[in-house]
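S.K.: Input run_0.tsv, format and content: TSV, C-alpha atoms and all ligand atoms.
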chain	number	residue	atom	x	y	z
A	157	MET	CA	45.89	-21.38	65.83
A	158	ILE	CA	44.46	-21.27	62.36
A	159	SER	CA	42.52	-24.37	61.59
A	160	SER	CA	42.42	-25.04	57.89
A	161	ALA	CA	39.15	-26.87	57.49
A	162	ALA	CA	38.97	-25.71	53.90
A	163	SER	CA	35.43	-26.07	52.74
A	164	ARG	CA	35.87	-23.53	49.96
A	165	GLY	CA	38.55	-22.61	47.54
A	166	PRO	CA	40.41	-19.33	47.70
A	167	VAL	CA	38.56	-16.07	47.30
A	168	ARG	CA	40.24	-14.03	44.60
A	169	PRO	CA	38.99	-10.48	44.57
A	170	GLU	CA	39.58	-8.25	41.63
A	171	THR	CA	41.45	-5.00	42.01
A	172	VAL	CA	39.63	-2.49	44.19
A	173	GLU	CA	40.08	1.05	43.03
A	174	PRO	CA	41.51	3.22	45.79
A	175	GLY	CA	38.82	4.97	47.76
A	176	ARG	CA	36.06	3.54	45.63
A	177	GLY	CA	33.45	1.02	46.55
A	178	ASP	CA	30.01	-0.08	45.58
A	179	GLY	CA	28.43	3.34	45.92
A	180	GLN	CA	25.97	2.29	48.60
A	181	ASP	CA	24.49	4.66	51.15
A	182	GLY	CA	26.46	5.68	54.20
A	183	GLY	CA	25.67	5.68	57.87
A	184	ALA	CA	24.97	3.13	60.55
A	185	GLY	CA	21.62	1.47	60.62
A	186	GLU	CA	19.82	0.59	63.82
A	187	ALA	CA	20.57	-2.93	64.92
A	188	GLY	CA	18.46	-4.96	67.27
A	189	PRO	CA	19.36	-8.43	68.53
A	190	GLY	CA	20.07	-10.61	65.56
A	191	LYS	CA	19.73	-7.65	63.28
A	192	GLU	CA	22.76	-6.08	61.67
A	193	THR	CA	23.97	-2.53	61.65
A	194	SER	CA	25.14	-2.00	58.13
A	195	LEU	CA	27.75	0.61	57.38
A	196	ARG	CA	28.10	1.49	53.80
A	197	ARG	CA	29.91	4.02	51.68
A	198	PRO	CA	28.50	7.53	51.59
A	199	ARG	CA	26.51	8.38	48.48
A	200	ALA	CA	28.36	10.24	45.77
A	201	ALA	CA	27.90	13.97	46.28
A	202	SER	CA	26.65	14.48	42.74
A	203	ALA	CA	23.86	11.93	43.22
A	204	ALA	CA	22.47	13.66	46.31
A	205	VAL	CA	19.26	15.66	45.95
A	206	ARG	CA	18.17	17.24	49.19
A	207	PRO	CA	14.83	15.93	50.49
A	208	GLU	CA	13.54	19.54	50.66
A	209	ALA	CA	13.67	19.62	46.87
A	210	TRP	CA	11.52	16.50	46.43
A	211	PRO	CA	8.06	18.22	46.65
A	212	ALA	CA	9.23	20.84	44.17
A	213	LEU	CA	10.41	18.14	41.79
A	214	ALA	CA	7.08	16.33	42.18
A	215	MET	CA	5.29	19.59	41.35
A	216	PHE	CA	7.48	19.94	38.28
A	217	GLY	CA	6.44	16.45	37.19
A	218	VAL	CA	2.72	17.27	37.63
A	219	CYS	CA	3.04	20.49	35.63
A	220	ALA	CA	4.89	18.73	32.87
A	221	LEU	CA	2.10	16.13	32.73
A	222	LEU	CA	-0.56	18.88	32.62
A	223	ALA	CA	1.21	20.60	29.76
A	224	ALA	CA	1.57	17.32	27.89
A	225	GLU	CA	-2.09	16.50	28.42
A	226	THR	CA	-3.25	19.91	27.14
A	227	ALA	CA	-0.99	19.65	24.14
A	228	LEU	CA	-2.42	16.20	23.46
A	229	LEU	CA	-5.95	17.57	23.66
A	230	ALA	CA	-5.02	20.28	21.20
A	231	ALA	CA	-3.49	17.70	18.92
A	232	ILE	CA	-6.57	15.52	19.05
A	233	GLY	CA	-8.31	18.66	17.89
A	234	LEU	CA	-11.90	19.42	17.39
A	235	GLY	CA	-13.19	15.94	18.00
A	236	ALA	CA	-12.36	16.25	21.72
A	237	GLY	CA	-13.25	19.96	21.68
A	238	ASP	CA	-16.72	19.24	20.32
A	239	ALA	CA	-17.44	16.98	23.23
A	240	LEU	CA	-16.29	19.57	25.75
A	241	LEU	CA	-17.67	22.76	24.23
A	242	PRO	CA	-20.43	22.05	21.73
A	243	GLY	CA	-20.55	24.86	19.19
A	244	GLY	CA	-17.71	26.91	20.80
A	245	ASP	CA	-14.39	28.25	19.49
A	246	HIS	CA	-12.67	24.96	20.07
A	247	GLU	CA	-9.35	25.78	18.50
A	248	GLY	CA	-9.04	29.08	20.32
A	249	VAL	CA	-10.03	27.62	23.70
A	250	LEU	CA	-7.72	24.63	23.34
A	251	PHE	CA	-4.84	26.80	22.15
A	252	GLY	CA	-5.37	29.23	25.07
A	253	ALA	CA	-5.59	26.39	27.61
A	254	SER	CA	-2.51	24.73	26.26
A	255	LEU	CA	-0.61	28.04	26.24
A	256	ALA	CA	-1.67	28.83	29.83
A	257	ALA	CA	-0.68	25.36	31.01
A	258	ALA	CA	2.65	25.59	29.22
A	259	VAL	CA	3.40	29.05	30.70
A	260	LEU	CA	2.35	27.89	34.18
A	261	GLY	CA	4.32	24.65	33.82
A	262	GLY	CA	7.36	26.53	32.56
A	263	ALA	CA	7.25	29.03	35.43
A	264	LEU	CA	6.84	26.33	38.04
A	265	ALA	CA	9.52	24.23	36.41
A	266	SER	CA	12.00	27.12	36.49
A	267	MET	CA	11.13	27.82	40.13
A	268	THR	CA	11.57	24.18	41.13
A	269	LEU	CA	14.81	23.85	39.23
A	270	LEU	CA	16.12	27.05	40.81
A	271	ARG	CA	15.16	25.78	44.26
A	272	ALA	CA	16.78	22.42	43.65
A	273	LEU	CA	19.95	24.08	42.38
A	274	ARG	CA	20.05	26.45	45.34
A	275	ALA	CA	19.48	23.55	47.75
A	276	SER	CA	22.25	21.46	46.23
A	277	ARG	CA	24.64	24.44	46.18
A	278	ALA	CA	23.93	25.08	49.89
A	279	ASP	CA	24.51	21.37	50.46
A	280	ARG	CA	27.86	21.54	48.68
A	281	ASP	CA	28.93	24.67	50.57
A	282	GLY	CA	27.95	23.09	53.90
A	283	ARG	CA	29.88	19.95	53.06
A	284	ALA	CA	32.95	21.93	52.00
A	285	GLN	CA	32.82	23.89	55.27
A	286	ALA	CA	32.47	20.71	57.31
A	287	GLU	CA	35.40	19.12	55.44
A	288	ALA	CA	37.57	22.20	56.02
A	289	ALA	CA	36.70	22.12	59.74
A	290	LEU	CA	37.58	18.41	59.90
A	291	ARG	CA	40.89	19.07	58.13
A	292	THR	CA	41.76	21.82	60.60
A	293	ARG	CA	40.92	19.58	63.51
A	294	ASP	CA	42.95	16.70	62.06
A	295	GLU	CA	45.93	18.98	61.57
A	296	PHE	CA	45.64	20.17	65.14
A	297	LEU	CA	45.29	16.64	66.50
A	298	GLY	CA	48.23	15.47	64.42
A	299	LEU	CA	50.40	18.30	65.70
A	300	ALA	CA	49.31	17.84	69.31
A	301	ALA	CA	49.90	14.10	69.18
A	302	HIS	CA	53.31	14.60	67.62
A	303	GLU	CA	54.31	17.12	70.30
A	304	LEU	CA	53.12	14.80	73.06
A	305	LYS	CA	55.29	11.96	71.80
A	306	THR	CA	58.61	13.63	72.71
A	307	PRO	CA	57.96	14.07	76.44
A	308	LEU	CA	56.39	10.63	76.55
A	309	THR	CA	59.57	9.02	75.23
A	310	ALA	CA	61.57	10.85	77.91
A	311	LEU	CA	59.07	9.69	80.53
A	312	PHE	CA	59.53	6.04	79.48
A	313	LEU	CA	63.30	6.33	79.69
A	314	GLU	CA	63.13	7.86	83.19
A	315	LEU	CA	60.60	5.30	84.42
A	316	GLY	CA	62.77	2.48	83.09
A	317	ALA	CA	65.89	3.86	84.82
A	318	ALA	CA	64.02	4.42	88.10
A	319	GLY	CA	62.61	0.87	87.92
A	320	ARG	CA	66.10	-0.59	87.48
A	321	ASP	CA	67.39	1.50	90.42
A	322	ALA	CA	64.55	0.30	92.63
A	323	ALA	CA	65.26	-3.31	91.63
A	324	ARG	CA	68.97	-2.87	92.48
A	325	ARG	CA	68.06	-1.46	95.88
A	326	GLY	CA	65.49	-4.22	96.38
A	327	ASP	CA	62.81	-1.58	97.03
A	328	GLU	CA	59.64	-3.53	96.22
A	329	ALA	CA	57.23	-0.71	97.12
A	330	ALA	CA	58.96	1.70	94.73
A	331	ARG	CA	59.00	-0.97	92.01
A	332	GLY	CA	55.24	-1.43	92.39
A	333	HIS	CA	54.60	2.31	92.08
A	334	LEU	CA	56.92	2.58	89.11
A	335	SER	CA	55.38	-0.35	87.29
A	336	ARG	CA	51.90	1.17	87.71
A	337	ALA	CA	53.23	4.50	86.46
A	338	ASP	CA	54.76	2.68	83.50
A	339	ARG	CA	51.41	1.05	82.65
A	340	ALA	CA	49.63	4.40	82.81
A	341	ALA	CA	52.29	5.97	80.59
A	342	ARG	CA	51.91	3.15	78.07
A	343	ARG	CA	48.18	3.67	77.99
A	344	LEU	CA	48.74	7.38	77.41
A	345	ALA	CA	51.17	6.58	74.58
A	346	GLU	CA	48.59	4.27	73.02
A	347	LEU	CA	45.96	7.02	73.09
A	348	VAL	CA	48.39	9.53	71.64
A	349	SER	CA	49.41	7.21	68.83
A	350	ARG	CA	45.75	6.54	68.09
A	351	LEU	CA	45.16	10.27	67.72
A	352	LEU	CA	48.15	10.43	65.42
A	353	VAL	CA	46.89	7.51	63.33
A	354	ASP	CA	43.47	9.10	63.23
A	355	ALA	CA	44.85	12.37	61.98
A	356	ARG	CA	47.21	10.91	59.39
A	357	ALA	CA	45.67	7.74	58.08
A	358	ALA	CA	42.80	9.30	56.16
A	359	ALA	CA	45.24	10.92	53.75
A	360	GLU	CA	47.28	7.77	53.06
A	361	PRO	CA	46.89	6.34	49.57
A	362	LEU	CA	45.75	2.72	49.26
A	363	ALA	CA	48.53	0.18	48.85
A	364	LEU	CA	46.85	-2.87	47.37
A	365	GLU	CA	48.60	-6.22	47.56
A	366	GLU	CA	47.69	-9.88	47.76
A	367	VAL	CA	46.61	-10.55	51.36
A	368	ASP	CA	45.83	-13.89	52.99
A	369	LEU	CA	43.11	-12.86	55.46
A	370	GLY	CA	43.52	-15.91	57.71
A	371	ALA	CA	47.27	-15.38	58.03
A	372	LEU	CA	46.75	-11.68	58.64
A	373	ALA	CA	44.26	-12.43	61.43
A	374	ASN	CA	46.65	-14.95	62.97
A	375	ASP	CA	49.54	-12.45	62.89
A	376	ALA	CA	47.35	-9.70	64.33
A	377	VAL	CA	46.35	-11.89	67.26
A	378	ASP	CA	49.94	-13.08	67.84
A	379	ALA	CA	51.17	-9.51	67.89
A	380	ARG	CA	48.70	-8.73	70.67
A	381	ARG	CA	49.39	-11.71	72.93
A	382	GLU	CA	50.37	-9.40	75.79
A	383	LEU	CA	47.09	-7.51	75.52
A	384	PHE	CA	45.05	-10.72	75.61
A	385	ASP	CA	47.10	-12.16	78.49
A	386	ARG	CA	46.48	-9.02	80.50
A	387	ALA	CA	42.76	-9.23	79.71
A	388	ARG	CA	42.76	-12.99	80.49
A	389	CYS	CA	41.16	-13.75	77.14
A	390	ASP	CA	41.74	-16.99	75.26
A	391	VAL	CA	41.73	-16.15	71.58
A	392	THR	CA	41.14	-18.64	68.79
A	393	VAL	CA	41.54	-17.84	65.12
A	394	ARG	CA	39.67	-20.04	62.71
A	395	ALA	CA	40.01	-19.75	58.95
A	396	GLU	CA	37.39	-21.75	57.10
A	397	GLY	CA	39.42	-22.28	53.97
A	398	PRO	CA	41.93	-19.94	52.35
A	399	VAL	CA	40.49	-16.45	51.91
A	400	SER	CA	42.70	-14.00	50.11
A	401	GLY	CA	42.38	-10.89	48.02
A	402	ARG	CA	43.96	-7.66	46.92
A	403	TRP	CA	43.57	-5.27	49.84
A	404	ASP	CA	45.64	-2.74	51.72
A	405	ARG	CA	47.24	-4.86	54.43
A	406	THR	CA	47.86	-1.95	56.80
A	407	ARG	CA	44.29	-0.80	56.63
A	408	VAL	CA	42.83	-4.27	57.16
A	409	ASP	CA	45.20	-4.73	60.10
A	410	ARG	CA	44.23	-1.36	61.53
A	411	ALA	CA	40.52	-2.19	61.34
A	412	LEU	CA	41.12	-5.59	62.91
A	413	ALA	CA	43.33	-4.07	65.63
A	414	SER	CA	40.42	-1.89	66.77
A	415	LEU	CA	38.03	-4.85	66.88
A	416	LEU	CA	40.52	-7.00	68.80
A	417	ALA	CA	41.33	-4.23	71.29
A	418	ASN	CA	37.63	-3.74	71.95
A	419	ALA	CA	37.00	-7.47	72.37
A	420	ALA	CA	39.78	-7.60	74.98
A	421	LYS	CA	38.58	-4.45	76.74
A	422	TYR	CA	34.86	-5.15	76.81
A	423	GLY	CA	35.12	-8.94	77.03
A	424	GLN	CA	37.74	-9.25	79.78
A	425	GLY	CA	38.22	-12.71	81.23
A	426	ARG	CA	36.16	-14.38	78.50
A	427	PRO	CA	37.16	-16.14	75.29
A	428	ILE	CA	37.34	-14.39	71.94
A	429	GLU	CA	36.78	-16.10	68.58
A	430	VAL	CA	38.12	-14.71	65.34
A	431	THR	CA	36.65	-16.33	62.22
A	432	VAL	CA	37.65	-15.85	58.61
A	433	ARG	CA	35.63	-17.22	55.73
A	434	ALA	CA	34.27	-16.54	52.27
A	435	GLU	CA	30.68	-15.34	52.09
A	436	GLY	CA	29.30	-15.08	48.58
A	437	ALA	CA	31.50	-12.64	46.72
A	438	GLN	CA	32.87	-11.23	49.96
A	439	ALA	CA	35.57	-12.09	52.42
A	440	ARG	CA	34.28	-12.06	55.99
A	441	LEU	CA	36.26	-11.62	59.18
A	442	SER	CA	34.43	-11.60	62.50
A	443	VAL	CA	35.56	-10.97	66.06
A	444	ARG	CA	33.23	-12.44	68.65
A	445	ASP	CA	33.51	-11.75	72.37
A	446	HIS	CA	31.40	-12.74	75.35
A	447	GLY	CA	31.59	-9.50	77.30
A	448	ILE	CA	29.24	-6.70	78.24
A	449	GLY	CA	27.57	-6.32	74.84
A	450	ILE	CA	25.96	-3.15	73.51
A	451	PRO	CA	22.43	-1.89	74.22
A	452	PRO	CA	20.35	-1.84	70.99
A	453	GLU	CA	19.70	1.90	71.19
A	454	ARG	CA	23.45	2.69	71.24
A	455	ARG	CA	24.49	0.40	68.39
A	456	ALA	CA	23.91	2.81	65.54
A	457	ALA	CA	26.02	5.53	67.16
A	458	ILE	CA	29.10	3.63	68.31
A	459	PHE	CA	30.77	3.87	64.89
A	460	ASP	CA	30.70	7.67	65.03
A	461	ARG	CA	33.84	9.59	65.81
A	462	TYR	CA	34.42	9.95	69.58
A	463	ALA	CA	31.16	8.09	70.30
A	464	ARG	CA	31.14	5.81	73.32
A	465	ALA	CA	28.45	3.66	74.91
A	466	VAL	CA	30.18	3.00	78.24
A	467	SER	CA	31.06	5.10	81.24
A	468	ALA	CA	34.54	6.64	81.07
A	469	ARG	CA	34.97	5.78	84.78
A	470	HIS	CA	34.83	2.08	84.02
A	471	TYR	CA	36.44	1.87	80.60
A	472	GLY	CA	39.12	4.18	79.23
A	473	GLY	CA	39.06	5.14	75.56
A	474	LEU	CA	38.60	7.89	73.04
A	475	GLY	CA	35.74	6.50	70.99
A	476	LEU	CA	37.94	6.32	67.89
A	477	GLY	CA	38.48	2.58	67.42
A	478	LEU	CA	35.26	1.71	65.62
A	479	TRP	CA	35.33	4.94	63.68
A	480	ILE	CA	38.78	4.00	62.39
A	481	ALA	CA	37.63	0.42	61.67
A	482	ARG	CA	34.70	1.70	59.67
A	483	ARG	CA	36.82	4.23	57.80
A	484	GLU	CA	39.34	1.58	56.79
A	485	ALA	CA	36.60	-0.82	55.71
A	486	LEU	CA	34.94	1.89	53.61
A	487	ALA	CA	38.26	2.81	52.03
A	488	LEU	CA	38.49	-0.78	50.81
A	489	GLY	CA	34.88	-0.85	49.61
A	490	GLY	CA	33.82	-2.97	52.59
A	491	THR	CA	31.60	-2.70	55.65
A	492	VAL	CA	31.71	-3.26	59.40
A	493	THR	CA	28.59	-4.55	61.12
A	494	VAL	CA	27.71	-5.50	64.66
A	495	GLU	CA	25.40	-7.97	66.32
A	496	SER	CA	25.09	-8.04	70.07
A	497	ARG	CA	23.07	-9.13	73.06
A	498	PRO	CA	23.70	-6.96	76.10
A	499	GLY	CA	25.39	-9.04	78.77
A	500	HIS	CA	26.24	-11.80	76.29
A	501	GLY	CA	28.87	-10.16	74.13
A	502	ALA	CA	29.20	-8.74	70.68
A	503	GLU	CA	30.24	-9.87	67.23
A	504	PHE	CA	31.82	-7.34	64.89
A	505	THR	CA	32.11	-8.38	61.25
A	506	LEU	CA	34.38	-6.88	58.66
A	507	ARG	CA	33.38	-7.66	55.08
A	508	LEU	CA	35.67	-6.93	52.18
A	509	PRO	CA	34.76	-7.19	48.51
A	510	ALA	CA	36.17	-10.17	46.73
A	511	GLY	CA	35.89	-10.57	42.99
A	512	ALA	CA	34.88	-14.20	42.95
A	513	VAL	CA	34.42	-17.21	45.11
A	514	ALA	CA	36.06	-20.35	43.81
A	515	PRO	CA	33.64	-23.19	43.01
A	516	LEU	CA	32.57	-25.49	45.80
A	517	ARG	CA	34.49	-28.72	45.78
A	518	GLY	CA	32.98	-31.49	43.75
A	519	LEU	CA	30.98	-29.20	41.49
A	520	PRO	CA	31.93	-29.07	37.82
A	521	ARG	CA	33.86	-25.88	37.19
A	522	ALA	CA	31.39	-24.62	34.61
A	523	ALA	CA	28.49	-24.92	37.06
A	524	GLY	CA	30.11	-23.72	40.24
A	525	GLY	CA	32.79	-21.44	38.90
A	526	ALA	CA	32.85	-19.35	35.76
A	527	LEU	CA	29.07	-19.33	35.26
A	528	ALA	CA	28.38	-18.40	38.84
A	529	ARG	CA	31.00	-15.69	38.67
A	530	ALA	CA	29.93	-14.20	35.36
A	531	PRO	CA	27.13	-11.86	36.56
A	532	ALA	CA	29.25	-10.48	39.41
A	533	ARG	CA	32.18	-9.98	37.04
A	534	ALA	CA	29.97	-8.27	34.44
A	535	LEU	CA	28.47	-5.91	37.04
A	536	ARG	CA	31.89	-5.11	38.45
A	537	TRP	CA	33.22	-4.41	34.98
A	538	LEU	CA	30.25	-2.17	34.14
A	539	ALA	CA	30.67	-0.24	37.40
A	540	TRP	CA	34.35	0.19	36.65
A	541	ARG	CA	33.66	1.33	33.09
A	542	SER	CA	31.02	3.83	34.19
A	543	ARG	CA	33.47	5.34	36.66
A	544	ARG	CA	36.06	5.71	33.92
A	545	CYS	CA	33.66	7.39	31.51
B	1	LIG	N1	33.28	-5.55	71.78
B	1	LIG	C1	32.53	-4.61	72.36
B	1	LIG	N2	31.67	-4.92	73.35
B	1	LIG	C2	30.90	-3.97	73.92
B	1	LIG	N3	30.91	-2.67	73.57
B	1	LIG	C3	31.72	-2.31	72.58
B	1	LIG	C4	32.57	-3.24	71.93
B	1	LIG	N4	33.27	-2.58	70.99
B	1	LIG	C5	32.87	-1.31	71.05
B	1	LIG	N5	31.95	-1.13	72.01
B	1	LIG	C6	31.26	0.12	72.35
B	1	LIG	O1	31.47	1.02	71.28
B	1	LIG	C7	32.06	2.23	71.76
B	1	LIG	C8	32.99	2.78	70.71
B	1	LIG	O2	34.10	1.90	70.57
B	1	LIG	P1	35.48	2.50	70.10
B	1	LIG	O3	35.22	3.37	68.94
B	1	LIG	O4	36.44	1.40	69.92
B	1	LIG	O5	35.93	3.47	71.27
B	1	LIG	P2	36.46	3.14	72.74
B	1	LIG	O6	36.74	1.70	72.83
B	1	LIG	O7	37.68	3.98	72.84
B	1	LIG	O8	35.38	3.60	73.64
B	1	LIG	C9	32.73	1.86	73.07
B	1	LIG	O9	32.83	2.96	73.92
B	1	LIG	C10	31.79	0.78	73.60
B	1	LIG	O10	30.72	1.39	74.25
B	2	MG	MG	38.01	0.91	71.27
For this file, write the structure as structure tokens.

M.R.:
Amino acid sequence: MISSAASRGPVRPETVEPGRGDGQDGGAGEAGPGKETSLRRPRAASAAVRPEAWPALAMFGVCALLAAETALLAAIGLGAGDALLPGGDHEGVLFGASLAAAVLGGALASMTLLRALRASRADRDGRAQAEAALRTRDEFLGLAAHELKTPLTALFLELGAAGRDAARRGDEAARGHLSRADRAARRLAELVSRLLVDARAAAEPLALEEVDLGALANDAVDARRELFDRARCDVTVRAEGPVSGRWDRTRVDRALASLLANAAKYGQGRPIEVTVRAEGAQARLSVRDHGIGIPPERRAAIFDRYARAVSARHYGGLGLGLWIARREALALGGTVTVESRPGHGAEFTLRLPAGAVAPLRGLPRAAGGALARAPARALRWLAWRSRRC
């Protein structure tokens, strides 16, 4: 049930450009108890300078300073030269020193620039190769998953017919076997469709529309009643006020589906709380379970593709759910974070950018609304403009 204890007004995000976000660094941070693992967008390729090039760039800076200093000395002229070389050929010495420094600085600068360029080209080539390899793998996975679907459909039909036969004959033992086989086949179908989603979804364009996050969470939970019943999990959805924005509904739902499936799987027999609320200029959706939790040293890795932090003998899975959740969040300019205490459960939080938070009730609109929103709006507009230029 969604409780509508509205303490805030609606969150009205501005349009999010497809595939664009706030340009923050990518990767999962380490997260200890009470500390968050933050997953942000990867840095723009053009902004990346390989760390190997940093010393060379520093050297370039030093040389440039040396050259500037020598030139300055020359410009100051004989006054400084007199102090250094009483009675000497000041102009000649200063000119020679400045020339030597400039030649040295120029040579080092060219070397450092060449190294930096080479490093960034190697970086680009490596990235292109990695992307091509990922594309090939995705194509293969997509094809394999598609091919697997046909025999699976036939298997379901046969299992259904055999189950009905067994029921007609009153053969309880056969019915038991067939129902277990049916469950295993369903699980297999789920894994196959996840592979298919994984392979296809990345290429889908964003379809932005007005989304009520609380209603979406409620629908997502309702649609998975069977899953939660099987896991014996009581699920509550709580929306602290209306939170809505322009997002891609399918992608938000896909991210949430992964978090809900995990909460049911790793928090079996315990309650699950889904909370939706506004948080500053963001919409926040969290899924909290009270299951096995995640050891601190594994938290940073669990968002990676095919990464798992549990034994496959105890928990089935492909290690794709969180990777998909993170990918969908990033596509919408958002993040997924986790907090957990091993043995006490985990809380996964999806944050999506919202353009503005409506003023708190009771505050004059000028104080709580437009004024408070102005800096965020201005920054957003500037970011948008700079992307256009
Ligand atoms: N709610 C959770 N509680 C405990 N561990 C979790 C939870 N969600 C995810 N994990 C850990 O993160 C890993 C990756 O999750 P996911 O990508 O969904 O793959 P899968 O569930 O198929 O293993 C899981 O193997 C598990 O170790
Ligand atoms: Mg999972």

S.K.: So how many Å separate atom CA of A:Arg280 and atom CA of A:Met267, to one decimal?

M.R.: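 Separating atom CA of A:Arg280 from atom CA of A:Met267 is a distance of 19.8 Å.
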
S.K.: Do you know which residues are within 6 Å of ligand MG 2 (chain B) using only C-alpha atoms and all ligand atoms? Can you write them as JSON, numbers by chain?

M.R.: {"A": [414, 418, 477]}

S.K.: Quick check, in Å to one decimal: how far apart do atom N3 of ligand LIG 1 (chain B) and atom CA of A:Tyr422 lie?

M.R.: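 Here the two named atoms are 5.7 Å from each other.
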
S.K.: Can you tell me how far atom CA of A:Glu328 sits from atom CA of A:Phe384, in Å to one decimal?

M.R.: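 Interatomic distance, atom CA of A:Glu328 to atom CA of A:Phe384: 26.3 Å.
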
S.K.: So that I can see what lies close to A:Leu372, please list as a PDB file with C-alpha atoms, in the coordinates of the input the residues with an atom at most 12 Å from it, counting all atoms listed in the file and leaving out residues fewer than 6 positions away in the same chain.

M.R.:
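Contents of result25.pdb, freshly written:
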ATOM      1  CA  ILE A 158      44.460 -21.270  62.360  1.00  0.00           C
ATOM      2  CA  GLU A 366      47.690  -9.880  47.760  1.00  0.00           C
ATOM      3  CA  ASP A 378      49.940 -13.080  67.840  1.00  0.00           C
ATOM      4  CA  ALA A 379      51.170  -9.510  67.890  1.00  0.00           C
ATOM      5  CA  VAL A 393      41.540 -17.840  65.120  1.00  0.00           C
ATOM      6  CA  ARG A 394      39.670 -20.040  62.710  1.00  0.00           C
ATOM      7  CA  ALA A 395      40.010 -19.750  58.950  1.00  0.00           C
ATOM      8  CA  PRO A 398      41.930 -19.940  52.350  1.00  0.00           C
ATOM      9  CA  VAL A 399      40.490 -16.450  51.910  1.00  0.00           C
ATOM     10  CA  SER A 400      42.700 -14.000  50.110  1.00  0.00           C
ATOM     11  CA  GLY A 401      42.380 -10.890  48.020  1.00  0.00           C
ATOM     12  CA  TRP A 403      43.570  -5.270  49.840  1.00  0.00           C
ATOM     13  CA  ASP A 404      45.640  -2.740  51.720  1.00  0.00           C
ATOM     14  CA  ARG A 405      47.240  -4.860  54.430  1.00  0.00           C
ATOM     15  CA  THR A 406      47.860  -1.950  56.800  1.00  0.00           C
ATOM     16  CA  ARG A 407      44.290  -0.800  56.630  1.00  0.00           C
ATOM     17  CA  VAL A 408      42.830  -4.270  57.160  1.00  0.00           C
ATOM     18  CA  ASP A 409      45.200  -4.730  60.100  1.00  0.00           C
ATOM     19  CA  ARG A 410      44.230  -1.360  61.530  1.00  0.00           C
ATOM     20  CA  ALA A 411      40.520  -2.190  61.340  1.00  0.00           C
ATOM     21  CA  LEU A 412      41.120  -5.590  62.910  1.00  0.00           C
ATOM     22  CA  ALA A 413      43.330  -4.070  65.630  1.00  0.00           C
ATOM     23  CA  VAL A 430      38.120 -14.710  65.340  1.00  0.00           C
ATOM     24  CA  THR A 431      36.650 -16.330  62.220  1.00  0.00           C
ATOM     25  CA  VAL A 432      37.650 -15.850  58.610  1.00  0.00           C
ATOM     26  CA  LEU A 441      36.260 -11.620  59.180  1.00  0.00           C
TER      27      LEU A 441
END

S.K.: List as a tab-separated table (two decimals) with C-alpha atoms, keeping the file's coordinate frame the protein and nucleic acid residues lying within 9 Å of ligand LIG 1 (chain B), with only C-alpha atoms and all ligand atoms counted.

M.R.:
chain	number	residue	atom	x	y	z
A	347	LEU	CA	45.96	7.02	73.09
A	414	SER	CA	40.42	-1.89	66.77
A	415	LEU	CA	38.03	-4.85	66.88
A	416	LEU	CA	40.52	-7.00	68.80
A	417	ALA	CA	41.33	-4.23	71.29
A	418	ASN	CA	37.63	-3.74	71.95
A	419	ALA	CA	37.00	-7.47	72.37
A	420	ALA	CA	39.78	-7.60	74.98
A	421	LYS	CA	38.58	-4.45	76.74
A	422	TYR	CA	34.86	-5.15	76.81
A	423	GLY	CA	35.12	-8.94	77.03
A	443	VAL	CA	35.56	-10.97	66.06
A	444	ARG	CA	33.23	-12.44	68.65
A	445	ASP	CA	33.51	-11.75	72.37
A	446	HIS	CA	31.40	-12.74	75.35
A	447	GLY	CA	31.59	-9.50	77.30
A	448	ILE	CA	29.24	-6.70	78.24
A	449	GLY	CA	27.57	-6.32	74.84
A	450	ILE	CA	25.96	-3.15	73.51
A	451	PRO	CA	22.43	-1.89	74.22
A	454	ARG	CA	23.45	2.69	71.24
A	455	ARG	CA	24.49	0.40	68.39
A	457	ALA	CA	26.02	5.53	67.16
A	458	ILE	CA	29.10	3.63	68.31
A	459	PHE	CA	30.77	3.87	64.89
A	460	ASP	CA	30.70	7.67	65.03
A	461	ARG	CA	33.84	9.59	65.81
A	462	TYR	CA	34.42	9.95	69.58
A	463	ALA	CA	31.16	8.09	70.30
A	464	ARG	CA	31.14	5.81	73.32
A	465	ALA	CA	28.45	3.66	74.91
A	466	VAL	CA	30.18	3.00	78.24
A	467	SER	CA	31.06	5.10	81.24
A	468	ALA	CA	34.54	6.64	81.07
A	471	TYR	CA	36.44	1.87	80.60
A	472	GLY	CA	39.12	4.18	79.23
A	473	GLY	CA	39.06	5.14	75.56
A	474	LEU	CA	38.60	7.89	73.04
A	475	GLY	CA	35.74	6.50	70.99
A	476	LEU	CA	37.94	6.32	67.89
A	477	GLY	CA	38.48	2.58	67.42
A	478	LEU	CA	35.26	1.71	65.62
A	479	TRP	CA	35.33	4.94	63.68
A	480	ILE	CA	38.78	4.00	62.39
A	481	ALA	CA	37.63	0.42	61.67
A	494	VAL	CA	27.71	-5.50	64.66
A	496	SER	CA	25.09	-8.04	70.07
A	498	PRO	CA	23.70	-6.96	76.10
A	499	GLY	CA	25.39	-9.04	78.77
A	501	GLY	CA	28.87	-10.16	74.13
A	502	ALA	CA	29.20	-8.74	70.68
A	503	GLU	CA	30.24	-9.87	67.23
A	504	PHE	CA	31.82	-7.34	64.89

S.K.: Taking all atoms listed in the file into account, which of A:Ala278, A:Leu362, A:Leu221, A:Ala289 comes nearest A:Leu486?

M.R.: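 Of all the options, A:Leu362 lies closest to A:Leu486.
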
S.K.: My list of candidates is A:Arg380, A:Arg402, A:Arg507, A:Arg283. Which is closest to A:Val367 when distances are computed with only C-alpha atoms?

M.R.: A:Arg402

S.K.: Do you know which residues are at most 10 Å from A:Val348 counting only C-alpha atoms, after dropping those on the same chain fewer than 6 positions away, and could you put them as an NGL selection string?

M.R.: :A and (297-298 or 300-305 or 308 or 342 or 354)
